[in-house]
Each structure stands twice: as C-alpha cells, then as structure tokens.
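As stored in my_file_36.txt (compact mmCIF, C-alpha atoms and all ligand atoms):
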# COMPACT_ATOMS: atom_id res chain seq x y z
CA MET A 1 67.09 12.33 -4.94
CA VAL A 2 67.56 13.29 -8.58
CA MET A 3 65.56 11.16 -11.01
CA GLU A 4 67.32 10.14 -14.21
CA PRO A 5 65.37 11.48 -17.17
CA THR A 6 63.75 8.81 -19.35
CA VAL A 7 65.02 8.55 -22.89
CA ALA A 8 62.15 8.45 -25.37
CA ILE A 9 64.17 7.62 -28.45
CA GLU A 10 67.85 7.06 -29.10
CA THR A 11 70.00 5.94 -31.97
CA LEU A 12 73.56 4.66 -31.79
CA SER A 13 75.81 5.04 -34.84
CA LEU A 14 73.00 4.76 -37.34
CA ASN A 15 74.07 4.42 -40.97
CA LYS A 16 72.07 4.25 -44.18
CA THR A 17 72.99 4.61 -47.82
CA PHE A 18 70.88 4.46 -50.96
CA GLY A 19 73.24 3.37 -53.71
CA GLY A 20 76.01 5.95 -53.42
CA VAL A 21 73.90 8.45 -51.47
CA VAL A 22 74.63 8.71 -47.76
CA ALA A 23 71.32 9.37 -46.01
CA ALA A 24 72.55 8.69 -42.47
CA SER A 25 76.13 8.71 -41.28
CA ASN A 26 76.97 7.71 -37.72
CA VAL A 27 73.81 9.35 -36.34
CA ASN A 28 73.61 9.45 -32.55
CA PHE A 29 70.24 11.04 -31.93
CA LYS A 30 68.64 11.20 -28.51
CA VAL A 31 65.39 12.75 -27.32
CA LEU A 32 64.34 12.72 -23.68
CA SER A 33 60.80 11.93 -22.65
CA GLY A 34 58.68 15.10 -22.68
CA GLU A 35 60.93 17.06 -25.04
CA PHE A 36 59.80 19.18 -27.96
CA ARG A 37 62.57 18.76 -30.53
CA CYS A 38 62.73 20.31 -33.97
CA MET A 39 64.89 18.99 -36.76
CA ILE A 40 66.04 21.20 -39.60
CA GLY A 41 68.46 20.84 -42.48
CA PRO A 42 68.75 21.33 -46.22
CA ASN A 43 66.80 19.24 -48.72
CA GLY A 44 68.23 15.75 -48.93
CA ALA A 45 69.93 16.02 -45.51
CA GLY A 46 68.34 12.75 -44.38
CA LYS A 47 65.58 14.02 -42.08
CA SER A 48 62.77 11.92 -43.53
CA THR A 49 65.04 8.90 -43.80
CA LEU A 50 65.91 9.18 -40.11
CA PHE A 51 62.21 9.33 -39.23
CA ALA A 52 61.55 6.33 -41.46
CA MET A 53 64.24 4.35 -39.63
CA LEU A 54 62.98 5.46 -36.22
CA CYS A 55 59.51 4.16 -36.94
CA GLY A 56 60.68 1.04 -38.77
CA ILE A 57 59.68 1.78 -42.36
CA GLU A 58 63.31 1.84 -43.49
CA THR A 59 65.95 -0.49 -42.14
CA ALA A 60 69.30 0.96 -41.13
CA ASP A 61 72.43 -0.56 -42.69
CA SER A 62 74.02 -0.57 -39.23
CA GLY A 63 73.52 0.92 -35.79
CA GLN A 64 70.88 0.59 -33.11
CA ILE A 65 67.55 2.23 -32.25
CA PHE A 66 65.96 2.32 -28.81
CA VAL A 67 62.40 3.39 -27.96
CA PHE A 68 61.67 4.01 -24.29
CA GLY A 69 64.66 1.88 -23.40
CA GLN A 70 63.78 -1.05 -25.64
CA ASP A 71 66.03 -2.08 -28.50
CA VAL A 72 63.75 -1.90 -31.56
CA THR A 73 66.47 -2.11 -34.21
CA HIS A 74 64.92 -5.27 -35.61
CA THR A 75 61.33 -4.59 -34.53
CA GLN A 76 58.69 -4.18 -37.22
CA ALA A 77 56.94 -0.84 -37.63
CA PHE A 78 53.55 -1.96 -36.31
CA LYS A 79 55.17 -3.27 -33.15
CA ARG A 80 56.88 0.09 -32.60
CA VAL A 81 53.42 1.70 -32.80
CA ARG A 82 52.46 -0.52 -29.87
CA LEU A 83 55.44 0.85 -27.94
CA GLY A 84 54.02 4.32 -28.41
CA VAL A 85 55.61 5.69 -31.58
CA GLY A 86 53.39 7.70 -33.93
CA LEU A 87 54.52 9.07 -37.28
CA THR A 88 53.14 11.42 -39.92
CA PHE A 89 54.68 11.52 -43.37
CA GLN A 90 55.99 14.40 -45.41
CA THR A 91 53.34 13.64 -48.02
CA ASN A 92 49.83 13.55 -46.61
CA ARG A 93 48.56 10.00 -46.21
CA ALA A 94 44.92 10.65 -45.38
CA PHE A 95 42.61 8.66 -47.67
CA HIS A 96 40.92 11.21 -49.91
CA ALA A 97 38.04 8.94 -50.87
CA LEU A 98 37.13 8.31 -47.23
CA SER A 99 35.36 10.65 -44.86
CA VAL A 100 36.95 12.39 -41.89
CA ARG A 101 35.20 9.90 -39.60
CA GLU A 102 36.46 6.92 -41.61
CA ASN A 103 40.01 8.26 -41.73
CA LEU A 104 40.00 8.59 -37.95
CA ALA A 105 38.57 5.07 -37.58
CA ILE A 106 41.45 3.37 -39.43
CA PRO A 107 44.18 3.91 -36.83
CA GLN A 108 41.84 2.93 -33.98
CA ALA A 109 42.91 -0.67 -34.41
CA SER A 110 46.39 0.24 -33.18
CA ALA A 111 45.24 2.41 -30.24
CA ARG A 112 47.30 1.77 -27.12
CA LEU A 113 44.57 1.14 -24.63
CA GLU A 114 46.92 1.42 -21.64
CA ASN A 115 47.29 5.06 -22.66
CA LYS A 116 43.61 5.59 -23.28
CA GLU A 117 42.73 8.33 -20.82
CA VAL A 118 45.52 10.76 -21.64
CA GLY A 119 45.52 9.71 -25.31
CA GLN A 120 41.81 10.39 -25.74
CA ALA A 121 42.12 13.77 -24.03
CA ARG A 122 44.95 14.73 -26.41
CA LEU A 123 42.95 13.60 -29.44
CA GLU A 124 39.85 15.53 -28.39
CA PHE A 125 41.90 18.64 -27.65
CA ALA A 126 43.52 18.51 -31.10
CA LEU A 127 40.25 17.87 -32.96
CA ASP A 128 38.66 20.79 -31.20
CA ALA A 129 41.63 23.13 -31.69
CA PHE A 130 41.86 22.25 -35.38
CA GLY A 131 38.11 22.56 -35.89
CA LEU A 132 37.70 18.95 -37.01
CA ASP A 133 34.49 17.04 -36.29
CA PRO A 134 35.33 13.35 -35.69
CA ASN A 135 31.87 12.34 -36.97
CA ASP A 136 32.11 14.40 -40.13
CA GLU A 137 31.05 12.42 -43.22
CA ILE A 138 32.67 14.93 -45.58
CA LYS A 139 35.26 13.27 -47.82
CA ALA A 140 38.86 14.13 -47.02
CA ALA A 141 39.24 15.18 -50.66
CA GLU A 142 36.94 18.10 -49.93
CA LEU A 143 38.99 19.42 -47.03
CA SER A 144 41.27 22.41 -47.40
CA HIS A 145 45.03 21.82 -47.47
CA ASN A 146 45.34 22.93 -43.83
CA GLN A 147 42.51 20.71 -42.67
CA LEU A 148 44.07 17.73 -44.44
CA GLN A 149 47.36 18.36 -42.65
CA TRP A 150 45.54 18.66 -39.33
CA LEU A 151 43.52 15.53 -40.02
CA GLU A 152 46.78 13.64 -40.39
CA ILE A 153 47.98 14.89 -37.00
CA ALA A 154 44.66 13.80 -35.50
CA MET A 155 45.04 10.38 -37.16
CA VAL A 156 48.35 9.81 -35.41
CA LEU A 157 46.82 10.79 -32.06
CA VAL A 158 44.11 8.15 -32.49
CA GLY A 159 46.79 5.56 -31.71
CA TYR A 160 47.36 7.19 -28.25
CA PRO A 161 51.14 7.51 -28.79
CA ASN A 162 53.70 8.68 -26.24
CA LEU A 163 56.09 9.94 -28.91
CA ILE A 164 55.15 11.59 -32.19
CA LEU A 165 57.40 12.14 -35.19
CA LEU A 166 55.91 14.75 -37.53
CA ASP A 167 57.50 15.33 -40.92
CA GLU A 168 56.76 18.90 -42.00
CA PRO A 169 53.28 19.13 -40.46
CA ALA A 170 52.90 22.79 -41.39
CA ALA A 171 54.18 22.48 -44.98
CA GLY A 172 52.20 24.70 -47.31
CA MET A 173 50.42 26.55 -44.52
CA ALA A 174 50.28 30.33 -44.23
CA SER A 175 52.03 31.84 -41.22
CA GLU A 176 48.88 32.13 -39.10
CA GLU A 177 48.01 28.45 -39.52
CA THR A 178 51.63 27.44 -39.04
CA LEU A 179 51.64 29.14 -35.64
CA ARG A 180 48.24 27.65 -34.82
CA THR A 181 49.71 24.23 -35.53
CA ALA A 182 52.67 25.04 -33.28
CA LYS A 183 50.35 26.17 -30.50
CA VAL A 184 48.33 22.96 -30.58
CA LEU A 185 51.46 20.79 -30.67
CA LYS A 186 52.96 22.75 -27.77
CA HIS A 187 49.87 22.12 -25.70
CA LEU A 188 49.96 18.40 -26.51
CA ASN A 189 53.64 18.37 -25.54
CA SER A 190 52.80 20.04 -22.22
CA THR A 191 50.72 16.95 -21.38
CA GLY A 192 53.89 14.85 -21.66
CA LEU A 193 53.71 13.85 -25.33
CA THR A 194 57.30 13.70 -26.59
CA THR A 195 57.35 15.55 -29.91
CA VAL A 196 59.90 15.54 -32.73
CA VAL A 197 59.12 17.74 -35.71
CA VAL A 198 60.91 18.25 -39.00
CA GLU A 199 60.04 21.76 -40.06
CA HIS A 200 61.50 24.23 -42.52
CA ASP A 201 59.49 27.15 -41.17
CA MET A 202 61.79 28.96 -38.74
CA ALA A 203 58.87 30.85 -37.16
CA PHE A 204 57.49 27.46 -36.14
CA VAL A 205 60.88 26.32 -34.86
CA LYS A 206 61.46 29.52 -32.87
CA ASP A 207 58.03 29.23 -31.33
CA ALA A 208 57.95 25.55 -30.46
CA ALA A 209 61.38 23.96 -30.18
CA GLN A 210 63.22 23.48 -26.92
CA THR A 211 66.19 21.99 -28.70
CA VAL A 212 67.02 21.96 -32.40
CA THR A 213 68.94 19.26 -34.23
CA VAL A 214 70.50 20.23 -37.55
CA LEU A 215 71.04 17.45 -40.08
CA HIS A 216 73.37 17.89 -43.05
CA GLN A 217 74.52 15.24 -45.51
CA GLY A 218 73.23 12.49 -43.24
CA LYS A 219 75.12 13.74 -40.20
CA ILE A 220 74.11 15.59 -37.07
CA PHE A 221 75.75 18.89 -37.91
CA ALA A 222 74.74 20.88 -34.83
CA GLU A 223 72.44 20.65 -31.85
CA GLY A 224 71.39 23.25 -29.31
CA SER A 225 68.84 25.79 -28.21
CA VAL A 226 66.99 27.78 -30.85
CA ALA A 227 69.09 30.83 -30.02
CA ASP A 228 72.34 28.85 -30.33
CA ILE A 229 71.32 27.39 -33.67
CA ILE A 230 70.21 30.70 -35.15
CA ALA A 231 73.51 32.27 -34.09
CA HIS A 232 75.58 29.29 -35.34
CA GLU A 233 77.70 30.55 -38.21
CA ASP A 234 78.10 27.21 -39.98
CA VAL A 235 74.36 26.49 -39.70
CA ARG A 236 73.68 29.86 -41.26
CA ARG A 237 76.04 28.99 -44.06
CA ILE A 238 74.58 25.57 -44.90
CA TYR A 239 70.93 26.21 -44.16
CA LEU A 240 69.60 29.44 -42.74
CA GLY A 241 71.52 31.63 -45.15
CA ARG A 242 69.49 30.30 -48.05
CA ALA A 243 66.36 32.12 -46.86
N1 LIG B 1 64.00 5.33 -51.14
C1 LIG B 1 65.06 6.01 -51.54
N2 LIG B 1 65.81 5.57 -52.57
C2 LIG B 1 66.90 6.24 -52.98
N3 LIG B 1 67.36 7.36 -52.42
C3 LIG B 1 66.66 7.86 -51.39
C4 LIG B 1 65.47 7.23 -50.89
N4 LIG B 1 64.99 7.94 -49.84
C5 LIG B 1 65.83 8.98 -49.72
N5 LIG B 1 66.82 8.94 -50.63
C6 LIG B 1 67.94 9.90 -50.74
O1 LIG B 1 68.52 10.02 -49.46
C7 LIG B 1 68.86 11.39 -49.18
C8 LIG B 1 68.11 11.86 -47.95
O2 LIG B 1 66.73 11.99 -48.28
P1 LIG B 1 65.63 12.45 -47.25
O3 LIG B 1 64.33 12.37 -47.94
O4 LIG B 1 65.79 11.70 -45.99
O5 LIG B 1 66.04 13.97 -47.00
P2 LIG B 1 65.24 15.12 -46.23
O6 LIG B 1 66.21 15.75 -45.30
O7 LIG B 1 63.98 14.59 -45.68
O8 LIG B 1 64.96 16.15 -47.43
P3 LIG B 1 63.70 17.15 -47.66
O9 LIG B 1 63.97 18.39 -46.85
O10 LIG B 1 63.78 17.45 -49.14
O11 LIG B 1 62.45 16.45 -47.28
C9 LIG B 1 68.52 12.17 -50.45
O12 LIG B 1 69.67 12.27 -51.22
C10 LIG B 1 67.48 11.30 -51.12
O13 LIG B 1 67.47 11.49 -52.50
MG MG B 2 62.05 15.03 -45.99
Here is a file; write its structure as structure tokens.
Ligand SMILES: Nc1ncnc2c1ncn2[C@@H]1O[C@H](COP(=O)(O)OP(=O)(O)OP(=O)(O)O)[C@@H](O)[C@H]1O
Ligand SMILES: [Mg+2]
Amino acid sequence: MVMEPTVAIETLSLNKTFGGVVAASNVNFKVLSGEFRCMIGPNGAGKSTLFAMLCGIETADSGQIFVFGQDVTHTQAFKRVRLGVGLTFQTNRAFHALSVRENLAIPQASARLENKEVGQARLEFALDAFGLDPNDEIKAAELSHNQLQWLEIAMVLVGYPNLILLDEPAAGMASEETLRTAKVLKHLNSTGLTTVVVEHDMAFVKDAAQTVTVLHQGKIFAEGSVADIIAHEDVRRIYLGRA
C-alpha cells in the first residue's frame, strides 16, 4: 500500500497587495511533511510577505492557507503556533536587553507539549551544535552576530514546532558559519522537522535544499531541484545572473 504524503503547508490562490504593490499573486505553494525547501528570489519578490501570511502576521487579500490539513486562513498567529508552525524573522527579534536564558524562556509558554520528546531533542541538538548555553546569563546584546542568529533559531525550537519558516537565517554570516547553519538545519530536518528557508546564499541552497521555489514579483516563477533551478535560463536572468 502506498501512503499518501502529508502536506505540511499549502496555499491556494493567495493574493496580497500593499497599495499598488503586488506582494503575492495567485500563489499556490505546497510543502510536504518532512521536506527541506528553500525559497529564493530578488529583493521585493514577496518572500517575507508569504512567510508572514503563512504564520498569520499578515492577512491575505484572498486565497486559502492550510497547515497540516487544517484551514488556517482566518486563524490567528498564536493559534497557528499551537498547530506546529514556527517562524523566524528577517530582522533578528531576540531581546538584546535579556540574557540568553531569558530569551529562551519567553517562547516556552507556547511549547507544544504533545511534541515534547522530539522537540526537546531538537532544541538540545541545536543549542549544542551552535555552542549556546541555555543557562547563559550573558545579555543577547553581547553575543556575536552569528550567535544572535543562532539564538533566534533556538528560540523557535523552544516551541517544539513541526514546521519551521526561517527568513534568511544565515544573513550576514561568513561562508563557514553559513554552512554550519545549513548542517544543523539539515540534521533537524532529518528528524522529521519540515523546513522552509528563504536564503540568498546559493552555497546554503545547494547544500540544504531538496526543492527550490523561486518567487518573482509576487508569483511562483519556477520550482524544481537545485540542479534544475541553477540551470533554468529565466531564473538566471531574473535572479542568479545578478551575482
Ligand atoms: N508592510 C508593508 N507595507 C507596504 N509594502 C510592503 C509591506 N511589506 C512588504 N511590502 C512590499 O511588498 C513587496 C514584497 O516585499 P517582501 O518583503 O515580501 O519581499 P522579499 O522577497 O522578502 O524581499 P527581500 O529579499 O528584500 O527580503 C515589496 O515591494 C515591499 O516593498
Ligand atoms: Mg524578505
């Protein structure tokens, strides 16, 4: 018997405009449970806006969003967290005036206890791999840029999610740390954590992605394996060629 794969997240004809700017245009985006998906596209393509709609921070003008089979189109963000969705933002949201320990304590309130065993193992793996001490009283402001980025990934894992949406988690990192981040995220994904990452760094994408979605002017422009996307002439023209 062939089991139908579970869909982790899916959108149907999602649309969003800001004034005259089209941020999402008829977006049909689907990620299966267990996938490692990367999303690329030029600045202003609508990547962060799509993430914001997936997690419920922005409301779509029209269309539908499903999380693990449930229609969450009109579900508030904190309730989507309870369904297993974790998000990190393009700009780091760790509280600089609080310690590492305190930053990790904040999202504990939303931890999905039904996912505790696997969730806790993922969190501990990430803390260890990133060299973060969960009891550290050092203020986040004193952390290096890389450590701050990693702290934010750890903060999302505190909620024991089943699906994480990471918006440029390796931004500003040198190539060694970028690949270290990819390695940790790949391990987490191998435990069944569905992972969707917006990332401009193609070394990261080549290393981690199973499938790549290219967004352009609010539309899904192309989708395929890393090799397909790198070889895609139109993708090279609108995005990769800029490098
Ligand atoms: N709150 C907002 N108000 C007005 N316009 C917005 C808002 N958020 C996004 N936009 C616009 O929507 C479009 C998509 O923006 P978005 O931030 O989603 O792009 P992006 O693909 O994440 O870009 P980047 O690679 O620069 O992060 C852009 O033209 C942006 O200026
Ligand atoms: Mg963005």
Open item on the list: Using Å and a single decimal, report how far CA of Asn146 (chain A) sits from CA of Glu177 (chain A).
Closed with: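 Computing it gives 7.5 Å between the two atoms.
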TODO: Please provide as a ChimeraX atom specification all residues within 9 Å of Ser48 (chain A), with the sequence filter that same-chain residues fewer than 6 positions apart are discarded (counting only C-alpha atoms).
DONE: /A:89-90,167,198
Contact check, chain A to ligand MG 2 (chain B), at most 10 Å, counting all atoms listed in the file, closest pairs as CSV:
residue,atom,partner,partner_atom,distance
A:Ile40,CA,B:MG2,MG,9.7
A:Gly41,CA,B:MG2,MG,9.3
A:Pro42,CA,B:MG2,MG,9.2
A:Asn43,CA,B:MG2,MG,6.9
A:Gly44,CA,B:MG2,MG,6.9
A:Ala45,CA,B:MG2,MG,8.0
A:Gly46,CA,B:MG2,MG,6.9
A:Lys47,CA,B:MG2,MG,5.4
A:Ser48,CA,B:MG2,MG,4.0
A:Thr49,CA,B:MG2,MG,7.2
A:Leu50,CA,B:MG2,MG,9.1
A:Phe51,CA,B:MG2,MG,8.8
A:Ala52,CA,B:MG2,MG,9.8
A:Phe89,CA,B:MG2,MG,8.6
A:Gln90,CA,B:MG2,MG,6.1
A:Thr91,CA,B:MG2,MG,9.1
A:Asp167,CA,B:MG2,MG,6.8
A:Glu168,CA,B:MG2,MG,7.7
A:Val198,CA,B:MG2,MG,7.8
A:Glu199,CA,B:MG2,MG,9.2
A:His200,CA,B:MG2,MG,9.8
Open item on the list: Set the distance at 10 Å and use all atoms listed in the file: which residues neighbour region 234-239 of chain A once local chain neighbours fewer than 2 positions away are removed? I'd like the list as a VMD selection string.
Closed with: chain A and resid 40 to 43 200 214 to 216 221 to 223 228 to 232 241 to 243
TODO: Tell me which protein, DNA and RNA residues are within 8 Å of region 161-163 of chain A, counting all atoms listed in the file, leaving out same-chain ones fewer than 4 positions away, and put them as a PyMOL selection string.
DONE: chain A and resi 8+81+83-86+111-112+115+119+156-157+192-196
TODO: For CA of Val21 (chain A) and atom N1 of ligand LIG 1 (chain B), determine how far apart the two atoms are, in Å to one decimal place.
DONE: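 Interatomic distance, CA of Val21 (chain A) to atom N1 of ligand LIG 1 (chain B): 10.4 Å.
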TODO: Tell me which of A:Leu132, A:Leu127, A:Val118, A:Ala140 sits closest to Tyr160 (chain A), counting only C-alpha atoms.
DONE: A:Val118
Task: Selected residue, from A:Phe130, A:Gly69, A:Ser13, A:Met53, that lies nearest to ligand LIG 1 (chain B) when counting all atoms listed in the file - done: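 Closest to ligand LIG 1 (chain B), using all atoms listed in the file: A:Met53.
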Task: Which of A:Gln64, A:Thr6, A:Ser110, A:Gln217 sits closest to Phe78 (chain A) [using only C-alpha atoms] - done: A:Ser110
Open item on the list: Between A:Gly159, A:Gly131, A:Gly19, A:Gly224, which residue has the minimum interatomic distance to ligand LIG 1 (chain B), considering only C-alpha atoms and all ligand atoms?
Closed with: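 Closest candidate: A:Gly19.
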Open item on the list: Nearest residue to ligand LIG 1 (chain B) out of A:Val184, A:Ile65, A:Val31, A:Val22, using all atoms listed in the file?
Closed with: A:Val22
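Checking A:Gly34, A:Gly20, A:Gly63, A:Gly56 one by one against ligand LIG 1 (chain B), counting all atoms listed in the file, you find the shortest gap at A:Gly20.
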Open item on the list: Could you tell me how far CA of Ile153 (chain A) sits from CA of Glu176 (chain A), in Å to one decimal place?
Closed with: 17.4 Å
Open item on the list: Give me, as a count of residues only, all polymer residues having an atom no more than 9 Å from region 179-181 of chain A, counting only C-alpha atoms and skipping those fewer than 4 positions away in the same chain.
Closed with: 13
Please give the centre and size of the box around ligand LIG 1 (chain B) (axis-aligned, containing every atom listed in the file, 4 Å added per side), with values in Å to one decimal and written as AutoDock Vina command-line options.
--center_x 66.1 --center_y 11.9 --center_z -49.1 --size_x 15.2 --size_y 21.1 --size_z 15.7
- [ ] Quick one: residues within 9 Å of (69.9, 5.4, -31.5) (file frame), counting only C-alpha atoms, please, as a list in words.
- [x] Ile9, Glu10, Thr11, Leu12, Ser13, Leu14, Val27, Asn28, Phe29, Lys30, Leu54, Gly63, Gln64, Ile65, Phe66, Val67, Asp71 and Thr73 of chain A
